[in-house]
Each structure stands twice: as C-alpha cells, then as structure tokens.
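For reference, model_7.cif is printed below; it contains mmCIF, C-alpha atoms.
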data_structure
loop_
_atom_site.label_atom_id
_atom_site.label_comp_id
_atom_site.auth_asym_id
_atom_site.auth_seq_id
_atom_site.Cartn_x
_atom_site.Cartn_y
_atom_site.Cartn_z
CA MET A 1 111.79 123.34 108.78
CA THR A 2 111.17 121.67 105.46
CA ARG A 3 107.95 121.86 103.53
CA ALA A 4 108.85 118.75 101.61
CA LEU A 5 105.93 116.40 101.06
CA PHE A 6 105.70 112.77 102.03
CA ALA A 7 104.05 110.32 99.67
CA LEU A 8 105.01 107.09 97.97
CA LEU A 9 104.74 108.19 94.34
CA ALA A 10 107.29 106.07 92.55
CA LEU A 11 105.48 103.73 90.24
CA GLY A 12 106.47 101.00 87.85
CA CYS A 13 104.47 100.58 84.68
CA THR A 14 104.58 98.09 81.84
CA TYR A 15 102.53 99.81 79.21
CA ASP A 16 101.32 99.43 75.64
CA SER A 17 98.64 101.30 73.73
CA HIS A 18 95.93 98.90 74.87
CA VAL A 19 96.85 97.50 78.28
CA ALA A 20 98.70 99.07 81.19
CA THR A 21 99.94 97.18 84.24
CA SER A 22 101.17 99.32 87.05
CA GLY A 23 101.50 99.48 90.80
CA SER A 24 103.80 100.80 93.48
CA ASP A 25 107.52 100.12 93.43
CA ALA A 26 106.74 96.59 94.63
CA ALA A 27 105.68 95.86 91.02
CA ILE A 28 102.14 94.53 91.37
CA ASP A 29 101.25 92.48 88.30
CA ALA A 30 97.49 93.07 88.00
CA GLN A 31 96.22 94.32 84.62
CA ALA A 32 93.61 96.88 83.67
CA ASP A 33 92.69 98.79 80.51
CA ALA A 34 93.86 102.36 80.24
CA GLN A 35 90.98 104.82 80.11
CA PRO A 36 90.36 107.77 77.77
CA ALA A 37 92.04 111.05 78.68
CA PRO A 38 90.89 114.54 77.78
CA ASP A 39 91.81 115.78 74.31
CA ALA A 40 95.44 116.88 74.28
CA GLY A 41 95.67 118.02 70.69
CA VAL A 42 96.28 114.55 69.23
CA GLY A 43 94.11 111.74 68.00
CA THR A 44 92.19 109.26 70.12
CA THR A 45 94.27 108.78 73.25
CA SER A 46 94.52 106.91 76.52
CA SER A 47 96.61 107.68 79.58
CA ALA A 48 98.12 106.07 82.65
CA VAL A 49 99.00 107.99 85.81
CA LEU A 50 102.50 107.38 87.19
CA GLY A 51 102.31 109.76 90.14
CA ILE A 52 100.57 112.77 91.68
CA ALA A 53 101.61 115.44 94.17
CA LEU A 54 100.15 118.43 95.98
CA ALA A 55 102.74 121.17 96.58
CA ASP A 56 102.85 124.97 96.65
CA LEU A 57 104.97 125.60 93.56
CA ASP A 58 104.22 129.33 93.24
CA GLY A 59 104.52 130.39 96.89
CA ASP A 60 100.95 131.70 97.24
CA GLY A 61 100.05 129.53 100.25
CA ARG A 62 97.90 127.11 98.24
CA ASP A 63 99.11 123.69 97.13
CA ASP A 64 99.11 122.97 93.41
CA LEU A 65 98.17 119.64 91.80
CA ALA A 66 100.84 117.93 89.69
CA VAL A 67 100.22 114.74 87.70
CA LEU A 68 102.84 112.60 85.93
CA GLU A 69 101.26 110.47 83.23
CA LEU A 70 101.83 108.63 79.97
CA LEU A 71 99.75 109.70 76.99
CA ALA A 72 99.23 107.00 74.34
CA GLU A 73 98.10 107.63 70.79
CA ARG A 74 96.06 104.66 69.66
CA ALA A 75 96.76 105.47 66.02
CA ARG A 76 100.48 105.08 66.63
CA PRO A 77 102.23 102.72 69.05
CA ARG A 78 104.03 105.54 70.88
CA LEU A 79 103.83 107.01 74.37
CA ALA A 80 104.36 110.64 75.34
CA PRO A 81 105.25 111.32 79.00
CA ARG A 82 103.92 114.59 80.32
CA LEU A 83 103.55 116.62 83.51
CA ARG A 84 100.09 118.13 84.07
CA LEU A 85 99.58 120.98 86.50
CA LEU A 86 96.66 122.81 88.11
CA TYR A 87 97.52 125.75 90.36
CA GLY A 88 95.65 126.05 93.64
CA GLY A 89 92.65 128.37 93.87
CA VAL A 90 90.02 129.63 96.25
CA ASP A 91 87.82 126.62 95.53
CA VAL A 92 88.37 122.94 94.82
CA PRO A 93 86.96 122.38 91.31
CA PRO A 94 84.36 119.62 90.89
CA SER A 95 86.45 118.17 88.07
CA VAL A 96 90.14 118.73 87.41
CA GLU A 97 90.64 116.96 84.08
CA ASP A 98 89.67 119.93 81.89
CA GLU A 99 91.62 122.37 84.08
CA LEU A 100 95.08 120.77 83.91
CA ASP A 101 97.77 122.40 81.77
CA HIS A 102 100.62 120.22 80.58
CA ALA A 103 104.30 120.10 79.63
CA LEU A 104 105.86 117.24 77.70
CA LEU A 105 108.87 115.44 79.18
CA GLY A 106 111.53 114.73 76.59
CA GLU A 107 110.54 112.74 73.52
CA SER A 108 107.85 110.13 72.94
CA PHE A 109 108.91 106.48 72.66
CA GLU A 110 107.65 103.17 71.33
CA SER A 111 105.07 101.40 73.49
CA ARG A 112 106.59 97.99 72.73
CA VAL A 113 110.20 96.81 72.63
CA VAL A 114 112.05 93.63 71.72
CA ARG A 115 113.18 91.92 74.91
CA ASP A 116 114.84 88.47 74.94
CA GLY A 117 113.97 88.07 71.29
CA ALA A 118 110.25 88.74 71.72
CA SER A 119 107.98 91.77 71.58
CA ALA A 120 107.05 93.07 75.03
CA PRO A 121 105.40 96.17 76.54
CA VAL A 122 107.89 98.90 77.38
CA ASP A 123 108.90 99.18 81.04
CA VAL A 124 108.29 102.69 82.40
CA ARG A 125 108.85 103.99 85.92
CA GLY A 126 108.43 107.44 87.35
CA GLY A 127 107.66 109.63 90.33
CA LEU A 128 107.38 113.15 91.73
CA ALA A 129 109.09 114.87 94.67
CA ALA A 130 108.46 118.41 95.92
CA GLY A 131 111.03 120.34 97.95
CA ASP A 132 112.97 123.59 98.01
CA PHE A 133 115.98 122.20 96.18
CA ASP A 134 117.51 125.58 95.29
CA GLY A 135 116.93 127.27 98.66
CA ASP A 136 114.96 130.23 97.30
CA GLY A 137 111.98 129.69 99.61
CA VAL A 138 109.63 128.31 96.93
CA LEU A 139 109.06 124.59 96.45
CA ASP A 140 110.35 122.96 93.27
CA LEU A 141 109.20 119.73 91.62
CA ALA A 142 111.60 116.95 90.64
CA VAL A 143 110.19 114.55 88.04
CA ALA A 144 111.75 111.12 87.56
CA LEU A 145 111.14 109.06 84.44
CA SER A 146 112.80 105.81 83.42
CA VAL A 147 112.21 103.95 80.15
CA GLU A 148 113.66 100.44 79.84
CA GLY A 149 116.09 101.17 82.68
CA GLU A 150 117.37 104.45 81.24
CA GLY A 151 116.28 107.11 83.70
CA ALA A 152 116.33 110.89 83.85
CA VAL A 153 115.35 113.66 86.26
CA HIS A 154 113.46 116.73 85.09
CA LEU A 155 113.02 119.88 87.16
CA LEU A 156 110.14 122.35 87.37
CA ALA A 157 111.52 125.29 89.33
CA GLY A 158 108.90 126.84 91.57
CA ALA A 159 108.16 130.49 90.81
CA PRO A 160 105.42 133.07 91.54
CA SER A 161 105.08 133.59 87.77
CA ARG A 162 103.40 130.19 87.40
CA ALA A 163 105.40 129.66 84.20
CA LEU A 164 104.89 126.13 82.88
CA PRO A 165 107.00 125.53 79.75
CA ASP A 166 105.75 123.50 76.81
CA ARG A 167 108.46 120.93 77.49
CA LEU A 168 110.67 119.97 80.43
CA GLU A 169 114.03 118.66 79.31
CA ALA A 170 116.02 116.15 81.34
CA LEU A 171 118.91 117.42 83.46
CA PRO A 172 121.98 116.01 81.64
CA SER A 173 124.03 115.56 84.81
CA LEU A 174 121.30 113.38 86.38
CA THR A 175 120.97 111.03 83.42
CA PRO A 176 120.74 107.97 83.29
CA HIS A 177 119.44 108.02 86.89
CA GLY A 178 115.87 108.64 87.91
CA ALA A 179 113.36 105.81 88.23
CA SER A 180 112.08 107.51 91.40
CA VAL A 181 112.78 110.58 93.49
CA ARG A 182 112.04 111.59 97.08
CA ALA A 183 112.51 114.90 98.92
CA LEU A 184 114.43 114.43 102.18
CA GLY A 185 114.13 117.90 103.70
CA ASP A 186 116.93 120.25 104.73
CA LEU A 187 119.05 117.73 106.58
CA ASP A 188 122.23 119.81 106.89
CA GLY A 189 120.62 123.17 107.68
CA ASP A 190 121.92 124.99 104.58
CA GLY A 191 118.47 126.19 103.51
CA ALA A 192 118.04 123.77 100.60
CA ASP A 193 116.37 120.37 100.64
CA GLU A 194 118.24 117.18 99.80
CA LEU A 195 116.91 114.90 97.04
CA TRP A 196 116.96 111.10 96.90
CA ILE A 197 117.32 109.73 93.34
CA GLU A 198 116.89 106.01 92.69
CA ALA A 199 117.52 103.99 89.52
CA CYS A 200 115.62 100.92 88.32
CA ASP A 201 118.33 98.57 89.57
CA GLY A 202 117.96 99.86 93.15
CA ARG A 203 121.08 102.02 93.19
CA ALA A 204 120.46 105.42 94.73
CA TRP A 205 122.14 108.82 94.84
CA ILE A 206 121.66 111.78 97.16
CA HIS A 207 121.84 115.33 95.84
CA PRO A 208 123.02 117.47 98.79
CA GLY A 209 120.87 120.49 97.97
CA ALA A 210 123.76 122.96 98.20
CA ALA A 211 124.15 123.28 94.42
CA PRO A 212 121.36 123.86 91.87
CA LEU A 213 119.96 120.65 90.41
CA VAL A 214 120.77 121.86 86.91
CA ASP A 215 124.47 121.79 87.85
CA ALA A 216 124.28 118.64 89.96
CA ARG A 217 127.17 116.20 89.95
CA LEU A 218 126.44 112.98 91.80
CA ASP A 219 129.07 110.95 93.60
CA ALA A 220 129.11 107.17 93.86
CA PRO A 221 125.78 105.47 94.63
CA SER A 222 124.71 105.48 98.24
CA ASP A 223 125.21 102.23 100.15
CA LEU A 224 122.47 103.18 102.60
CA GLY A 225 119.07 101.56 102.64
CA ALA A 226 116.05 103.56 101.54
CA VAL A 227 116.16 107.06 103.06
CA PHE A 228 113.08 109.07 104.10
CA GLY A 229 112.77 112.68 105.20
CA LEU A 230 110.56 113.01 108.28
CA GLY A 231 110.37 116.75 108.79
CA ASP A 232 110.74 117.95 112.37
CA VAL A 233 109.61 114.96 114.44
CA ASP A 234 111.22 116.01 117.74
CA GLY A 235 110.11 119.66 117.59
CA ASP A 236 113.58 121.22 117.70
CA GLY A 237 113.14 123.15 114.43
CA ARG A 238 115.42 120.88 112.41
CA ASP A 239 114.52 118.19 109.89
CA ASP A 240 114.97 114.57 110.90
CA LEU A 241 115.73 111.44 108.90
CA ALA A 242 114.80 107.76 108.75
CA ILE A 243 116.82 105.01 107.08
CA ALA A 244 115.25 101.64 106.32
CA GLU A 245 117.63 98.80 107.08
CA PRO A 246 117.38 95.04 107.53
CA GLY A 247 115.30 94.42 110.61
CA GLY A 248 113.80 97.86 110.99
CA VAL A 249 114.14 101.62 110.68
CA ALA A 250 116.80 103.90 112.19
CA VAL A 251 115.75 107.46 113.09
CA TYR A 252 118.32 110.26 113.15
CA PRO A 253 117.66 113.78 114.52
CA GLY A 254 118.78 116.70 112.37
CA PRO A 255 121.06 118.13 111.40
CA VAL A 256 122.51 114.93 109.98
CA ALA A 257 125.02 114.17 107.26
CA LEU A 258 124.57 111.37 104.74
CA PRO A 259 125.86 108.83 105.37
CA PRO A 260 125.65 109.32 109.18
CA ASP A 261 129.33 108.26 109.48
CA GLY A 262 129.04 106.04 112.52
CA ARG A 263 126.61 108.31 114.34
CA ALA A 264 124.17 106.30 116.44
CA PRO A 265 120.46 106.78 115.67
CA SER A 266 118.22 108.34 118.30
CA ALA A 267 115.75 105.46 117.95
CA ARG A 268 115.37 102.13 116.20
CA ILE A 269 111.99 100.80 115.11
CA PRO A 270 112.09 97.00 114.74
CA GLY A 271 110.32 95.43 111.79
CA PRO A 272 110.10 92.25 109.71
CA GLU A 273 111.76 93.63 106.56
CA PRO A 274 113.05 97.00 105.38
CA ALA A 275 110.20 99.49 105.40
CA SER A 276 108.71 100.70 102.11
CA LEU A 277 107.69 104.08 103.54
CA VAL A 278 108.30 106.09 106.71
CA ALA A 279 106.43 109.38 107.22
CA HIS A 280 105.78 111.94 109.94
CA ALA A 281 102.28 112.17 111.39
CA SER A 282 100.76 113.60 114.54
CA GLY A 283 102.17 111.90 117.61
CA GLY A 284 105.21 110.40 115.87
CA VAL A 285 105.73 108.43 112.66
CA VAL A 286 103.89 105.88 110.55
CA VAL A 287 105.67 103.01 108.83
CA LEU A 288 104.39 100.95 105.91
CA TRP A 289 105.90 97.49 106.24
CA ARG A 290 105.96 95.40 103.07
CA GLU A 291 106.42 91.68 103.69
CA THR A 292 107.13 89.19 100.92
CA GLY A 293 104.09 87.05 100.20
CA ALA A 294 101.88 88.92 102.67
CA SER A 295 99.68 91.99 102.80
CA ASP A 296 101.22 95.29 103.81
CA ARG A 297 101.01 96.42 107.43
CA LEU A 298 100.72 100.06 108.50
CA VAL A 299 101.97 100.82 112.02
CA ALA A 300 101.97 104.09 113.99
CA TYR A 301 104.71 104.71 116.55
CA ARG A 302 105.29 107.34 119.21
CA LEU A 303 108.90 108.42 119.67
CA ALA A 304 110.14 109.82 122.98
CA ALA A 305 113.91 110.20 123.11
CA SER A 306 115.20 106.69 122.38
CA GLU A 307 111.95 105.01 123.42
CA VAL A 308 109.71 103.65 120.65
CA THR A 309 106.09 102.77 121.44
CA GLU A 310 103.77 101.05 118.99
CA VAL A 311 100.45 102.89 119.16
CA ALA A 312 98.37 101.13 116.53
CA SER A 313 98.69 98.58 113.73
CA LEU A 314 96.56 97.99 110.64
CA ASP A 315 96.63 94.98 108.32
CA THR A 316 95.86 96.58 104.95
CA GLY A 317 94.66 93.27 103.47
CA SER A 318 96.63 93.93 100.30
CA PRO A 319 100.20 94.13 99.01
CA GLY A 320 101.60 97.14 97.19
CA CYS A 321 99.85 99.92 99.13
CA VAL A 322 100.86 103.58 98.92
CA LEU A 323 100.54 106.36 101.46
CA GLY A 324 99.90 110.09 101.38
CA ALA A 325 101.03 111.95 104.51
CA ARG A 326 101.87 115.48 105.64
CA GLU A 327 104.07 116.63 108.50
CA ARG A 328 102.14 116.64 111.80
CA ALA A 329 98.86 115.90 109.98
CA SER A 330 96.15 114.13 111.97
CA VAL A 331 95.25 111.87 109.03
CA VAL A 332 96.97 109.80 106.36
CA LEU A 333 95.57 108.69 103.01
CA LEU A 334 96.07 104.98 102.31
CA GLY A 335 95.68 103.62 98.79
CA CYS A 336 95.76 99.89 98.08
CA PRO A 337 95.27 99.44 94.31
CA GLY A 338 95.69 95.67 94.63
CA ASP A 339 92.84 95.32 97.15
CA ALA A 340 89.50 93.64 96.38
CA CYS A 341 90.88 91.56 93.51
CA GLU A 342 88.76 89.05 91.62
CA GLY A 343 90.97 87.17 89.21
CA ASP A 344 93.03 89.75 87.32
CA ALA A 345 90.62 92.62 88.11
CA CYS A 346 91.56 94.73 91.12
CA ARG A 347 89.06 97.35 92.22
CA GLY A 348 91.37 98.98 94.73
CA ALA A 349 90.70 100.67 98.05
CA LEU A 350 91.15 104.17 99.43
CA ARG A 351 90.97 105.03 103.12
CA VAL A 352 91.39 108.11 105.30
CA LEU A 353 92.91 107.06 108.64
CA SER A 354 93.34 109.05 111.84
CA THR A 355 96.79 109.20 113.40
CA PRO A 356 98.15 107.89 115.60
CA ASP A 357 95.31 105.42 116.29
CA LEU A 358 94.83 104.46 112.59
CA THR A 359 91.05 104.32 112.93
CA SER A 360 89.16 104.59 109.67
CA ARG A 361 87.51 107.96 109.11
CA ARG A 362 86.42 107.21 105.56
CA ASP A 363 86.64 104.07 103.43
CA TRP A 364 85.85 104.07 99.73
CA SER A 365 86.23 100.30 99.26
CA GLY A 366 83.22 99.10 97.32
CA SER A 367 81.79 102.62 97.00
CA PRO A 368 80.54 104.24 93.78
CA LEU A 369 84.06 105.62 93.35
CA THR A 370 85.22 102.13 92.38
CA VAL A 371 84.48 99.78 89.51
CA GLY A 372 85.96 96.40 88.64
CA GLY A 373 89.58 96.69 87.51
CA ASP A 374 89.71 100.35 88.55
CA ARG A 375 92.81 100.10 90.78
CA LEU A 376 91.62 103.01 92.91
CA GLY A 377 94.42 104.56 94.96
CA GLU A 378 97.38 103.79 92.69
CA SER A 379 98.68 107.28 93.49
CA VAL A 380 97.61 109.41 96.47
CA ALA A 381 98.54 112.78 97.97
CA LEU A 382 97.38 115.16 100.70
CA GLY A 383 97.60 118.95 100.57
CA ASP A 384 95.75 122.24 100.98
CA PHE A 385 94.62 123.11 97.45
CA ASP A 386 92.30 126.01 98.35
CA GLY A 387 94.37 127.51 101.17
CA ASP A 388 91.69 127.18 103.85
CA GLY A 389 94.00 125.43 106.32
CA GLU A 390 92.28 122.06 105.85
CA LEU A 391 93.71 119.05 104.03
CA ASP A 392 92.36 118.09 100.62
CA ALA A 393 93.00 114.72 98.94
CA ALA A 394 94.12 113.80 95.43
CA PHE A 395 94.13 110.26 94.08
CA SER A 396 94.00 108.32 90.83
CA SER A 397 91.97 105.46 89.42
CA ARG A 398 91.87 103.86 85.99
CA SER A 399 88.30 104.76 85.04
CA ARG A 400 88.21 108.31 86.38
CA GLY A 401 91.79 109.50 86.12
CA VAL A 402 92.79 111.93 88.88
CA ARG A 403 90.26 113.21 91.40
CA LEU A 404 90.61 116.02 93.91
CA LEU A 405 88.38 116.04 96.99
CA GLY A 406 88.05 119.11 99.21
CA ALA A 407 88.12 118.99 102.99
CA ALA A 408 84.31 119.17 103.09
CA GLU A 409 84.16 115.80 101.31
CA LEU A 410 86.61 114.25 103.75
CA PRO A 411 85.68 113.32 107.35
#

How does the structure come out when it is put into structure tokens?
Amino acid sequence: MTRALFALLALGCTYDSHVATSGSDAAIDAQADAQPAPDAGVGTTSSAVLGIALADLDGDGRDDLAVLELLAERARPRLAPRLRLLYGGVDVPPSVEDELDHALLGESFESRVVRDGASAPVDVRGGLAAGDFDGDGVLDLAVALSVEGEGAVHLLAGAPSRALPDRLEALPSLTPHGASVRALGDLDGDGADELWIEACDGRAWIHPGAAPLVDARLDAPSDLGAVFGLGDVDGDGRDDLAIAEPGGVAVYPGPVALPPDGRAPSARIPGPEPASLVAHASGGVVVLWRETGASDRLVAYRLAASEVTEVASLDTGSPGCVLGARERASVVLLGCPGDACEGDACRGALRVLSTPDLTSRRDWSGSPLTVGGDRLGESVALGDFDGDGELDAAFSSRSRGVRLLGAAELP
C-alpha cells in the first residue's frame, strides 16, 4: 500500500521583486504583496510559497515539513528558488520559520523578462510530490519547477541520515518537463511509486517507478486526462487510480497499467467538467470539481463495486481552491485563497471538513489568521508531524508564511 500523499500543490506564479500573483493551477489572477522572509544570508528579502508537503522523508514515523518557495532579493531583480525542510519531532513548534533548513534549486533567475516586446513579471510554476519512487521503503520528494515554460524535476532522496544538501540539481533526463508533479502510488505492484510529471503546456509524462528517477527516460507524453493516485480505496491491499476525463472521473482498481489499454473502470463518477483533484478519504473519495466561470464544488462519494453514491456536496464559494487529504483520513483541509475578495484583495479561507459528510469542523474565514490580501490557504497539507497518530495541518498565507498547527489546535 502506498504512503504517497494527496494534495493539490502545483502552483502558478507570476512574480517580481515587489508583487507576486499566484494561485492554484487554475491561474487565479488576484495580486498581493510578498511578505518578508527570515534572513537567509542575503540582503533584505521577500518570498512566495509555491507549495508545501508533509511526508516522512527519514523513515522515523514522523512526517517532515517541506516548503517550495521563491526568495527575492530586493537589492537585485533576481529570484532564487529553494526547498526548505523541517524534520518531524516530538512536538509541533509554535513557529516554524526559524527552524527550516534550506537547499537551493538550480540557479537564480531574473524576476522580469521581455515578453511580446514588453517587460513582464517572470512566469514561475512549481509543486511537490512525496512517494517511494526508488522502492527502498523511505519516501522521497520530487520537486517541480518551471521558469517561463522551461521546467525541471529535482529529487530529494529520503534517507534516515536526514542529509539535506546545499543545492538540489535538476535531473537532466527530466528536463525540460516539470511544472507540476504528483505521486500516483504503486500502481503495478513492483514496490516503487509511479510519478506524474506535467509541463506548463498541459502535456504530461508518467515515470513508471521501476527505474531510479536519476536515470529516468520518459516516453511520449501521456494522452490520458489528469491522473490521481487514490491509495487503497477498495481495501484489497493494492493502490487504485482515478483518471479525470470529459464528463467525469473513471476509477480503476489496482494493479493497473498506464494507460489502462481498454480496461473498463470499476466505477465512473459523473461531473460537469474534468476534475481538478480526486483524493481518498474515509468512506470513499472526494472530488474537487472546477467549473469555468463558477466557484469550485467539493463532493464526497461512496464507492461500492460499480455503484457510486453522492454522500455530500459543498459549494466552496470561490474558484481556485486546493485540498489537503490523506488516505482514509476522517478530515480534509480545504484552502480557497481566492475567497472573501474585495476588489483585488483576497483574504482567503481555510476550512477543516469531516468526511464523508463535509461538515465544517473548523473555519478560519475572517479569523485573526487572515488579513486583507493575505490569500490564506494557497498551499495546504495534512500529516502527522509529531508522530502521535493524529493529523496536523500545514498551510501558507502571504503575511505569515507557512504555519503548522498541531492536532490539539484542530477540532
């Protein structure tokens, strides 16, 4: 059974040294000022978070906090992408900013480019995916970063040594791919998780997990829709798969090859447009439906053989939401950074929802966690940071960077 994590972490970001606009991969166009980051050995800086994840990268039973961000030097119009990491401990720290170590990703780049004959903010996209890609029993972290359409995938190999290098270099064989990545789980039963790699233009590749990522050679782009690993939904000990397609989502029980080669899905979930996220939760799956010109809709379904039953539905009230989920977890973490907008300022919303009934257990909309233009919930993740068996929550906002809340602070 995979320990791959489920979260929508792929973000698009148009960034300069003064203003950052970012959202989920639906490209929300609200603007907000980047906020000061802790001293990183350079001059006055600001940062923007592209993605966060909670995953056990050293095999000690506690999830570790990983943050993908852009660091901007105000004295120079350049951006430095970096991965920041805090290993899990016996307690959830009250503040994580001073605790995070970091590794640079490749080289820094100009914050502005010439596009169509005019100066424009650079287009940056990125994301994180945790899975056991080399089959050694310890989760690894794939880091996607794309600058002006030229993408790359970096790899932090999980190890008990907790060795974080000063710099993570791109994997040459996976360049120029890598605007976003997603762990799919061990779909073919070979002991290694498959990895979904997507470029800025929507083309996607699937690394089969049989060979090390450092030696990966990708075939032609996949002609499938978006692919999501579900973990073991049907309880047979094998990882299952969902494929978003026009008019709904097809669910395939594992083991399953990609593409399914004419194999009929075990269930079809009808929907208005291809789903933006499908994840496993207690009682079945949750689907985040993204409709053009409308707010996102989160729906929980129960799956029994080929029968699909809608259990609950929630109108998020906002487009561009993201979701943090864990296999068989009784809650999901919903972030809607485009919620509560007044003009160009979006405060954002963050909610803990029970599954499968999607009732609100905690709602930070309008709470002291938010300020105008904060875009609370741009990135979200669930995991067990302190190893107590209870879920903790990590999320980002513009004014406060990344926050980590222990289970005691959640309902």

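For the set A:Asp60, A:Asp384, A:Asp123, A:Asp116, the residue with the smallest atom-to-atom gap to A:Asp91 is A:Asp384, counting only C-alpha atoms.
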
* To do: Run the PyMOL selection byres ((chain A and resi 145-156) around 6) mentally over the shown coordinates, then write out the matched residues as a PyMOL selection string, using the chain letters and numbers from the document.
  => chain A and resi 123-126+140-144+157+170-171+174-179+200

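With only C-alpha atoms as the atoms that count, the residue of A:Val138, A:Ala80, A:Ala349, A:Val322 with the shortest distance to A:Ser161 is A:Val138.
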
* Counting all atoms listed in the file, what is within 8 Å of A:Ala66, bar same-chain residues fewer than 4 positions away, as a ChimeraX atom specification? -> /A:52-55,83-86

Kindly provide the residues of stretch 240-268 of chain A that approach stretch 272-294 of chain A to within 12 Å, each paired with its closest atom pair and their distance in Å to one decimal, based on all atoms listed in the file, listed by chain and increasing number, as a Markdown table.
| residue | atom | partner | partner_atom | distance |
| --- | --- | --- | --- | --- |
| A:Asp240 | CA | A:His280 | CA | 9.6 |
| A:Leu241 | CA | A:Val278 | CA | 9.4 |
| A:Ala242 | CA | A:Val278 | CA | 7.0 |
| A:Ile243 | CA | A:Val278 | CA | 8.6 |
| A:Ala244 | CA | A:Pro274 | CA | 5.2 |
| A:Glu245 | CA | A:Pro274 | CA | 5.2 |
| A:Pro246 | CA | A:Pro274 | CA | 5.2 |
| A:Gly247 | CA | A:Glu273 | CA | 5.4 |
| A:Gly248 | CA | A:Pro274 | CA | 5.7 |
| A:Val249 | CA | A:Ala275 | CA | 6.9 |
| A:Ala250 | CA | A:Val278 | CA | 10.3 |
| A:Val251 | CA | A:Val278 | CA | 9.9 |
| A:Ala267 | CA | A:Val285 | CA | 11.7 |

Once the PyMOL selection byres ((chain A and resi 394) around 7) has been applied to the shown file, what residues remain in the selection, as a tab-separated table (two decimals) with C-alpha atoms, keeping the file's coordinate frame?
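Generated file (selection-v5.tsv):
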chain	number	residue	atom	x	y	z
A	380	VAL	CA	97.61	109.41	96.47
A	381	ALA	CA	98.54	112.78	97.97
A	382	LEU	CA	97.38	115.16	100.70
A	392	ASP	CA	92.36	118.09	100.62
A	393	ALA	CA	93.00	114.72	98.94
A	395	PHE	CA	94.13	110.26	94.08
A	402	VAL	CA	92.79	111.93	88.88
A	403	ARG	CA	90.26	113.21	91.40
A	404	LEU	CA	90.61	116.02	93.91
A	405	LEU	CA	88.38	116.04	96.99
